[in-house]
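One structure is given here, and the rest of the page talks about it.
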Amino acid sequence: MEERILIVANRLPYSIEKKNNKFKVKPSSGGLVSAVKSISNNKRIVWIGAADFKEDIWMEFQKQNIETEIEIIPIFINKKLETLYYNGFANSVVWPLFHYFPSFTEYTPEYFEAYKHVNELFAAKVKTVARTSDVVWIHDYHLMLLPAMLKTGDTPISSSFFLHIPFPTHELLRLMPDHWRNAILKSLLCADVVGFHTDEYVFHFKKSLEFFLGIHYKGDKIAQESHTTKISSYPISIDYDQFHSAYDHPEVAHTRTLIRNKYRNRKIVFSLDRLDYSKGVINRLEGYEQLLKTTPSIHGKVALIINVIPSREEINRYAERKHIIEECISRINGAYGTFLWQPIVYQYQHLSFHDLIACYTGCDVALVTPLRDGMNLIAKEFVASRKDRQGCLILSELAGASNELKGALLVNPNDINAIQSALYKAFKMKPKEQEARMQEMQQHLMEHDVKAWANSFLNDVKQLRMENTQALSHRLTSEDQSVIFHDYQHSESRLILLDYDGTLIRFFDNPQDAAPDIHIKSMLTALAADRRNRVVIISGRDTKTLNDWFGALPIDLVAEHGSQYKKAEKTLWKEMSDRPPIWKAKVLPLLQQYTALYPDTFIEEKEHAIAWHYRPSTDEKIEEYKINLCRELILLNHEKEFEIMCGNKVLEVKTNNVNKGTFVSNLLTKVEFDFVLAIGDDTTDEDMFNVLNEAHHHTIKVGFVPTAARSNVQGPSTVLSFLHALSELRSFEKSTKLMKA
């Protein structure tokens, strides 16, 4: 079947107009359109988005059989609903809050209902179009509820999501009403891959998951019941060749000459921005004004060309912003201009591509200082266009692009004096330094262009889909068992690592009821009887419990997820952590408060850990209480003294410098084994699986959930049967006989 990518975004890549009974297809501009076109050569692209043309126009257009480079499927939204969704929730709630303008945010319930309704319209359309083999790629803040909606119904649809704006710190996200915020977070976790521009935004998102949902993370993947989600940064970029080669276009060269002739003997500063309060236009104007005020010698020798692109004028704050900008420009020109010199040249209009490149390549300085920006492609476009390797970029350190464009002069956009100083430094910068800075930035953009961005994201989507499919279907087969049995039979030094609760025995409401029976003990004894075997129970249990239950058996014991270790022939436990658990003094009182508040919950205190068990509780809100507890623990853990783990109906706090993975890694450096098998059911076992997978050892997850382990089995009874068969192996012939049986 043909591979298709379904792009789902708020707007379509084309507008359709009808004039004099003829249709005109007008391509949209923007980084996403460029990115999609860059991957359309070898894949079929279908784009689903809200139409800015009427439904009857679309019906007529379809009859004309006019081909477009990208196949489009429009969604028609009535004007009132679209206003509440787009101008309301998307751009009066999400946009200001995510760009760190909380005072501009309007928490209107009607906005969220409209947002949810439009996301449902998108979900319905996607479900009528999507095939199982399709990659569904959802874009941006307008559609954050869509991944969860696609997972509902008889045929759940997998999707991935990319956010084109910043993701804010959890303290800002906390301002959003709980059910709005949690719906967004839970929905994004329904995606296979969630992408952001920078590692900073990734961190904020993960912290929000932990703080608001009690979901803990290690690395870039979060395992859930139905699938694993990868959360990573994918800095969007531009079509480098398009901007670089445009330098030589005749129309660009002609306009560039006109600009330079008009402003001969003046330093030209170029500023381009969409009309938006997040762009910091007033700040840069004031920084420029400060330069004029403190350096009279440059009067008549500089010109700031500022072009503001119309945007969202129907939203009051945007219309107000335009008025404020124009007042500021008028004031500066009035204060410093003369009959022969105007310090600021202002335009409020869209620029053609060739005029844009002429401005980029005709100026001496590009002033790009947003107060907050997800990436900012203007900075990248300017750098790419400078084929002459001249010019200086002044860039806000609060734009995502600042992480990549190290050759820019970085400024805090709220620091007027810093903008002034950067402008002065840019004017004085020698051509040789300009070239060196530009060359470094261009090299980066050549290697990390928009095609590389799209391919990086889509490759991760493909990999995650494969892993999720395997996780849900990779049952330990007879062939898998044969391989393990074969390797076991042909090895001389074996390590068998076994979790206990949920692996060798089922869970009990009271953890003390989970004592091993005679069958478990005899199976472990039989395994340990083989001189080639080193059997290790590696558990979250405390030392006393493990001693009482397994101390008489010839096996090694590891307590509290790797914190303490006792060899079979020893009586004393060895501390694996060199850090005393002084954090317990402040954690224990908090857990005691929760135990007092909520019946049928209890505390299990260990040497290096404390567990809050809530399995016996029948309170339907107990998971909410766990999240609240988790949030309070995060606030206590500002010095990173401990680790918070959410297990099966238990929240555990433990010393953070050891885990099952560090224990196994340490053991493998001291003893060489030619066969290693690890079996476990908990998230704590994933650390162990990850370590062992690097050396291609055998790892088995109990339960059919996404995991780093190579295989999955049903439950403890399956594990016991498997280990019993392993303990009876004496020859290859016998293992074959067992498999047939």
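How things are named: the first chain in the structure tokens is A, the next is B, and so on; residues count from 1 in each chain; ligands count from 1 in the order shown.
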
Extract, using only C-alpha atoms, all DNA, RNA and protein residues at most 10 Å from Leu272 (chain A), discarding same-chain residues fewer than 2 positions from it, and format them as an MDAnalysis selection string. chainID A and resid 270 274:275 279 281 305:309 347 351 356 359:360 366:368 378:379

Going by DSSP on the backbone, which residues of region 533-641 of chain A come out as helix (DSSP H, G or I)? List them as JSON, numbers by chain. {"A": [543, 544, 545, 546, 547, 548, 549, 550, 560, 561, 562, 584, 585, 586, 587, 588, 589, 590, 591, 592, 593, 594, 595, 596, 597, 622, 623, 624, 625, 626, 627, 628, 629, 630, 631, 632, 633, 634, 635, 636]}

Using only C-alpha atoms, the best pick from A:Lys462, A:Phe485, A:Thr683, A:Pro13 as closest to Gly540 (chain A) would be A:Thr683

Atom pair CA of Glu632 (chain A) / CA of Ser617 (chain A): separation (Å): 20.5 Å

As an exercise, work out the distance from CA of Pro177 (chain A) to CA of Phe212 (chain A) in Å and give it to one decimal place.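 One can read the CA of Pro177 (chain A) to CA of Phe212 (chain A) distance as 11.6 Å.
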
Apply DSSP to the backbone of this structure and, from region 305-411 of chain A, keep only the residues in strand (DSSP E or B); write these as a PyMOL selection string. chain A and resi 305-309+344-348+365-368+373+392-396+399+409-411

Write the residues you've just listed into a file as a PDB file, in the first residue's frame, and include N, CA and C atoms for each of them.
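Final output, selection.pdb:
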```pdb
ATOM      1  N   ILE A 305      14.791  50.126   9.010  1.00  0.00           N
ATOM      2  CA  ILE A 305      13.655  49.779   8.154  1.00  0.00           C
ATOM      3  C   ILE A 305      12.853  48.710   8.886  1.00  0.00           C
ATOM      4  N   ILE A 306      11.653  49.040   9.279  1.00  0.00           N
ATOM      5  CA  ILE A 306      10.845  48.093  10.046  1.00  0.00           C
ATOM      6  C   ILE A 306       9.574  47.772   9.277  1.00  0.00           C
ATOM      7  N   ASN A 307       9.370  46.485   9.050  1.00  0.00           N
ATOM      8  CA  ASN A 307       8.175  46.013   8.332  1.00  0.00           C
ATOM      9  C   ASN A 307       7.360  45.126   9.265  1.00  0.00           C
ATOM     10  N   VAL A 308       6.129  45.530   9.516  1.00  0.00           N
ATOM     11  CA  VAL A 308       5.223  44.747  10.354  1.00  0.00           C
ATOM     12  C   VAL A 308       4.190  44.095   9.444  1.00  0.00           C
ATOM     13  N   ILE A 309       4.039  42.788   9.608  1.00  0.00           N
ATOM     14  CA  ILE A 309       3.107  42.027   8.771  1.00  0.00           C
ATOM     15  C   ILE A 309       1.751  41.959   9.469  1.00  0.00           C
ATOM     16  N   ILE A 344      13.587  56.167  11.159  1.00  0.00           N
ATOM     17  CA  ILE A 344      12.833  54.916  11.012  1.00  0.00           C
ATOM     18  C   ILE A 344      11.976  54.988   9.758  1.00  0.00           C
ATOM     19  N   VAL A 345      12.077  53.945   8.934  1.00  0.00           N
ATOM     20  CA  VAL A 345      11.203  53.785   7.769  1.00  0.00           C
ATOM     21  C   VAL A 345      10.255  52.632   8.087  1.00  0.00           C
ATOM     22  N   TYR A 346       8.950  52.908   8.061  1.00  0.00           N
ATOM     23  CA  TYR A 346       7.954  51.940   8.541  1.00  0.00           C
ATOM     24  C   TYR A 346       7.007  51.514   7.427  1.00  0.00           C
ATOM     25  N   GLN A 347       6.757  50.199   7.375  1.00  0.00           N
ATOM     26  CA  GLN A 347       5.760  49.640   6.455  1.00  0.00           C
ATOM     27  C   GLN A 347       4.873  48.674   7.223  1.00  0.00           C
ATOM     28  N   TYR A 348       3.595  48.682   6.892  1.00  0.00           N
ATOM     29  CA  TYR A 348       2.657  47.722   7.476  1.00  0.00           C
ATOM     30  C   TYR A 348       2.025  46.964   6.312  1.00  0.00           C
ATOM     31  N   VAL A 365      22.434  45.053   9.374  1.00  0.00           N
ATOM     32  CA  VAL A 365      22.080  44.391  10.628  1.00  0.00           C
ATOM     33  C   VAL A 365      20.634  43.914  10.557  1.00  0.00           C
ATOM     34  N   ALA A 366      20.404  42.676  10.979  1.00  0.00           N
ATOM     35  CA  ALA A 366      19.032  42.183  11.164  1.00  0.00           C
ATOM     36  C   ALA A 366      18.741  42.194  12.661  1.00  0.00           C
ATOM     37  N   LEU A 367      17.674  42.895  13.043  1.00  0.00           N
ATOM     38  CA  LEU A 367      17.313  43.038  14.451  1.00  0.00           C
ATOM     39  C   LEU A 367      16.099  42.152  14.735  1.00  0.00           C
ATOM     40  N   VAL A 368      16.339  41.013  15.403  1.00  0.00           N
ATOM     41  CA  VAL A 368      15.300  40.007  15.634  1.00  0.00           C
ATOM     42  C   VAL A 368      15.239  39.748  17.140  1.00  0.00           C
ATOM     43  N   ASP A 373       9.721  33.377  21.664  1.00  0.00           N
ATOM     44  CA  ASP A 373       9.407  32.797  20.361  1.00  0.00           C
ATOM     45  C   ASP A 373       9.798  31.329  20.347  1.00  0.00           C
ATOM     46  N   CYS A 392      25.210  41.339  10.183  1.00  0.00           N
ATOM     47  CA  CYS A 392      25.251  40.914  11.579  1.00  0.00           C
ATOM     48  C   CYS A 392      23.830  40.651  12.060  1.00  0.00           C
ATOM     49  N   LEU A 393      23.652  39.571  12.788  1.00  0.00           N
ATOM     50  CA  LEU A 393      22.354  39.212  13.352  1.00  0.00           C
ATOM     51  C   LEU A 393      22.334  39.520  14.842  1.00  0.00           C
ATOM     52  N   ILE A 394      21.380  40.353  15.245  1.00  0.00           N
ATOM     53  CA  ILE A 394      21.117  40.576  16.673  1.00  0.00           C
ATOM     54  C   ILE A 394      19.861  39.775  17.011  1.00  0.00           C
ATOM     55  N   LEU A 395      19.992  38.850  17.948  1.00  0.00           N
ATOM     56  CA  LEU A 395      18.928  37.870  18.188  1.00  0.00           C
ATOM     57  C   LEU A 395      18.582  37.784  19.670  1.00  0.00           C
ATOM     58  N   SER A 396      17.299  37.695  19.954  1.00  0.00           N
ATOM     59  CA  SER A 396      16.825  37.522  21.323  1.00  0.00           C
ATOM     60  C   SER A 396      17.245  36.162  21.875  1.00  0.00           C
ATOM     61  N   ALA A 399      14.413  33.460  22.023  1.00  0.00           N
ATOM     62  CA  ALA A 399      13.913  32.778  20.827  1.00  0.00           C
ATOM     63  C   ALA A 399      14.580  31.412  20.748  1.00  0.00           C
ATOM     64  N   LEU A 409      24.642  38.065  17.805  1.00  0.00           N
ATOM     65  CA  LEU A 409      24.802  38.826  19.036  1.00  0.00           C
ATOM     66  C   LEU A 409      23.524  38.625  19.841  1.00  0.00           C
ATOM     67  N   LEU A 410      23.608  37.871  20.922  1.00  0.00           N
ATOM     68  CA  LEU A 410      22.429  37.531  21.702  1.00  0.00           C
ATOM     69  C   LEU A 410      22.143  38.604  22.746  1.00  0.00           C
ATOM     70  N   VAL A 411      20.870  38.969  22.865  1.00  0.00           N
ATOM     71  CA  VAL A 411      20.466  39.996  23.824  1.00  0.00           C
ATOM     72  C   VAL A 411      19.218  39.550  24.557  1.00  0.00           C
TER      73      VAL A 411
END
```

Of the candidates A:Ala335, A:Leu32, A:Ala585, A:Ile48, which shows the shortest atom-to-atom distance to Asp140 (chain A), using only C-alpha atoms?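 Ranking A:Ala335, A:Leu32, A:Ala585, A:Ile48 by distance to Asp140 (chain A), first place goes to A:Leu32.
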
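Taking CA of Asp501 (chain A) and CA of Thr595 (chain A) as endpoints, the distance between them is 22.4 Å.
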
Would you mind listing what lies within 9 Å of Ser539 (chain A) as a ChimeraX atom specification, with only C-alpha atoms counted and same-chain residues fewer than 2 positions away left out? /A:498-501,537,541-542,546,557-562,660

Just checking: using only C-alpha atoms, which residue out of A:Glu210, A:Asp355, A:Glu200, A:Asp517 ends up closest to Leu185 (chain A)?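 Once distances to Leu185 (chain A) are computed over only C-alpha atoms, the minimum belongs to A:Glu210.
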